[in-house]
Structure formats: C-alpha cells, structure tokens
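Colleague: Take this structure first; my questions come after.
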Amino acid sequence: MRTVNAYSRRVTHSVPGRLAAPAGVLAAVAAAFAYVGAVDPSEPGHYPVCPLLRYTGLYCPGCGGLRSAHAFVHGDVPAALHANALAVLGYLAFAVLWTVWVVHAARGRPMRFDPRPGLVWSLGALLLVFSVVRNLPFGGWLHP
C-alpha cells in the first residue's frame with residue numbers, strides 16, 4: 001500500500017474554487033491599503049501612536065509603516081521608502097509570495113511555504129539591525 005501525504009496530492013476543486021483563498025487575501029489587503037490610502041496617517045487622531053515610540057522615544061521596525069503604505073498607495077515610492085524602507089520590501093515580498101500562491105492554486109498544486117531556519121534567523125537579524133540603526137545618530141535617514 002502506498003501512502004500519500006497531503007502535499008503530494010493534487011487538489012481536485014475547480015479553478016475558481018482554488019483561487020478563492022488567494023482572492024480573499026488580496027481583497028483584504030487591498031481594502032486595508034485603500035483605507036490607509038484614504039485616511040492620512042500623518043494627521044493626528046486617526047490611528048493609535050506606537051507605544052514604544054510614545055513611552056521610550058525609540059522607533060520600532062514598524063514605525064512609519066502606515067505613512068509608508070499611504071505614500072505607496074499614492075505612488076510616492078521615495079516617500080514610502082523614507083517612511084519605512086523595510087515595509088516597502090515587505091509589500092514587494094508579499095506581492096511575490098501571493099503571485100506564486102496564485103500560480104500554484106491555478107495549477108492545482110498546494111502552496112507550501114516552509115522557510116529554512118537560516119532564512120527566519122536572517123529576517124530576524126535584519127529587523128533587529130534595522131531597529132538599532134534607525135535609533136542611532138547616524139541612522140537618522142531611517143527615521144519616519
């Protein structure tokens with residue numbers, strides 16, 4: 001008797017059924033970007049303030065992310081990069097992973113994302129270095 005794991009089976013649903021989950025994720029992300037694009041995060045009162053920035057004066061890796069998304073939606077990539085360069089890289093990484101997911105779903109193959117520990121540690125180190133550098137005097141160009 002041959003055993004088959006869940007990742008080697010082909011999905012037998014129709015193409016629209018297979019694309020429902022990626023389409024739902026895209027709709028949610030598009031709605032979030034549309035909201036942030038319509039409601040300017042630079043104006044006070046619309047979004048909560050970062051608690052780390054409020055209580056310590058330190059920028060976290062996410063500080064400036066909403067302003068970055070707002071600028072990105074409006075096509076101002078230099079302003080988006082200035083607000084949070086790491087967030088812009090995250091938007092691009094999401095677009096690539098989502099596209100791969102759609103291609104796999106359309107072909108009836110399950111999407112399997114199993115990052116190696118080295119990648120996870122590298123991404124964590126990148127976040128840490130980004131956070132430290134943007135809070136040092138010479139990292140002022142990374143301030144949101």
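Order determines the names: the first chain of the structure tokens is A, the second B, and so forth; residues in each chain are numbered 1 upward, and ligands are numbered 1 upward as they are shown.
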Name all residues at most 10 Å from Met111 in chain A (count only C-alpha atoms; drop same-chain ones fewer than 6 positions away) and give them as a list in words.

Modeller: Tyr7, Leu97, Trp98, Val100, Trp101, Val102, Val103, His104 and Ala105 of chain A

Colleague: As number ranges by chain, please: all residues of range 22-140 of chain A that backbone DSSP puts in helix (DSSP H, G or I).

Modeller: A: 22-38, 51-56, 65-73, 77-107, 117-134, 137-140

Colleague: With a distance cut-off of 7 Å and only C-alpha atoms, select the neighbouring residues of Leu142 in chain A, excluding the residue or stretch itself and same-chain residues fewer than 3 positions from it, and output the selection as a list in words.

Modeller: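 Contacts, in chain order: His82, Arg134 and Gly139 of chain A.
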
Colleague: Would you output that residue set with N, CA and C atoms, as an mmCIF file, in the first residue's frame?

Modeller:
```cif
data_model
loop_
_atom_site.group_PDB
_atom_site.id
_atom_site.type_symbol
_atom_site.label_atom_id
_atom_site.label_comp_id
_atom_site.auth_asym_id
_atom_site.auth_seq_id
_atom_site.Cartn_x
_atom_site.Cartn_y
_atom_site.Cartn_z
ATOM 1 N N HIS A 82 11.287 56.433 2.514
ATOM 2 C CA HIS A 82 11.755 57.268 3.611
ATOM 3 C C HIS A 82 10.988 56.968 4.896
ATOM 4 N N ARG A 134 18.234 52.591 12.992
ATOM 5 C CA ARG A 134 17.351 53.753 12.844
ATOM 6 C C ARG A 134 17.240 54.556 14.124
ATOM 7 N N GLY A 139 21.839 56.949 11.931
ATOM 8 C CA GLY A 139 20.733 56.327 11.221
ATOM 9 C C GLY A 139 19.534 57.239 11.086
#
```

Colleague: Using only C-alpha atoms, what table do you get, as CSV, when you list each residue of range 91-143 of chain A with an atom no more than 8 Å from range 48-64 of chain A, its nearest pair of atoms, and their distance in Å rounded to one decimal, rows by chain then rising number?

Modeller:
```
residue,atom,partner,partner_atom,distance
A:Leu127,CA,A:Pro61,CA,6.3
A:Leu128,CA,A:Pro61,CA,7.9
A:Phe130,CA,A:Pro61,CA,6.7
A:Ser131,CA,A:Pro61,CA,5.2
A:Arg134,CA,A:Tyr59,CA,7.0
A:Asn135,CA,A:Leu58,CA,6.2
A:His143,CA,A:Tyr59,CA,7.5
```

Colleague: Measure the distance from CA of Leu92 in chain A to CA of Arg116 in chain A in Å and round it to one decimal.

Modeller: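 Taking CA of Leu92 in chain A and CA of Arg116 in chain A, their separation equals 20.1 Å.
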
Colleague: Just want the 6 Å neighbourhood of range 83-85 of chain A, counted on only C-alpha atoms, with same-chain residues fewer than 3 positions away dropped. Output as an NGL selection string.

Modeller: :A and (64-65 or 68 or 80 or 88 or 144)

Colleague: What is the CA of Glu43 in chain A-CA of Ala95 in chain A distance in Å, reported with one decimal?

Modeller: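 Interatomic distance, CA of Glu43 in chain A to CA of Ala95 in chain A: 28.0 Å.
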
Colleague: What is the distance, in Å and to one decimal place, between CA of Trp121 in chain A and CA of Tyr91 in chain A?

Modeller: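 Going from CA of Trp121 in chain A over to CA of Tyr91 in chain A covers 19.8 Å.
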
Colleague: Between A:Ser42, A:Phe113, A:Ala69, A:His13, which residue has the minimum interatomic distance to Ala30 in chain A, considering only C-alpha atoms?

Modeller: A:Ala69
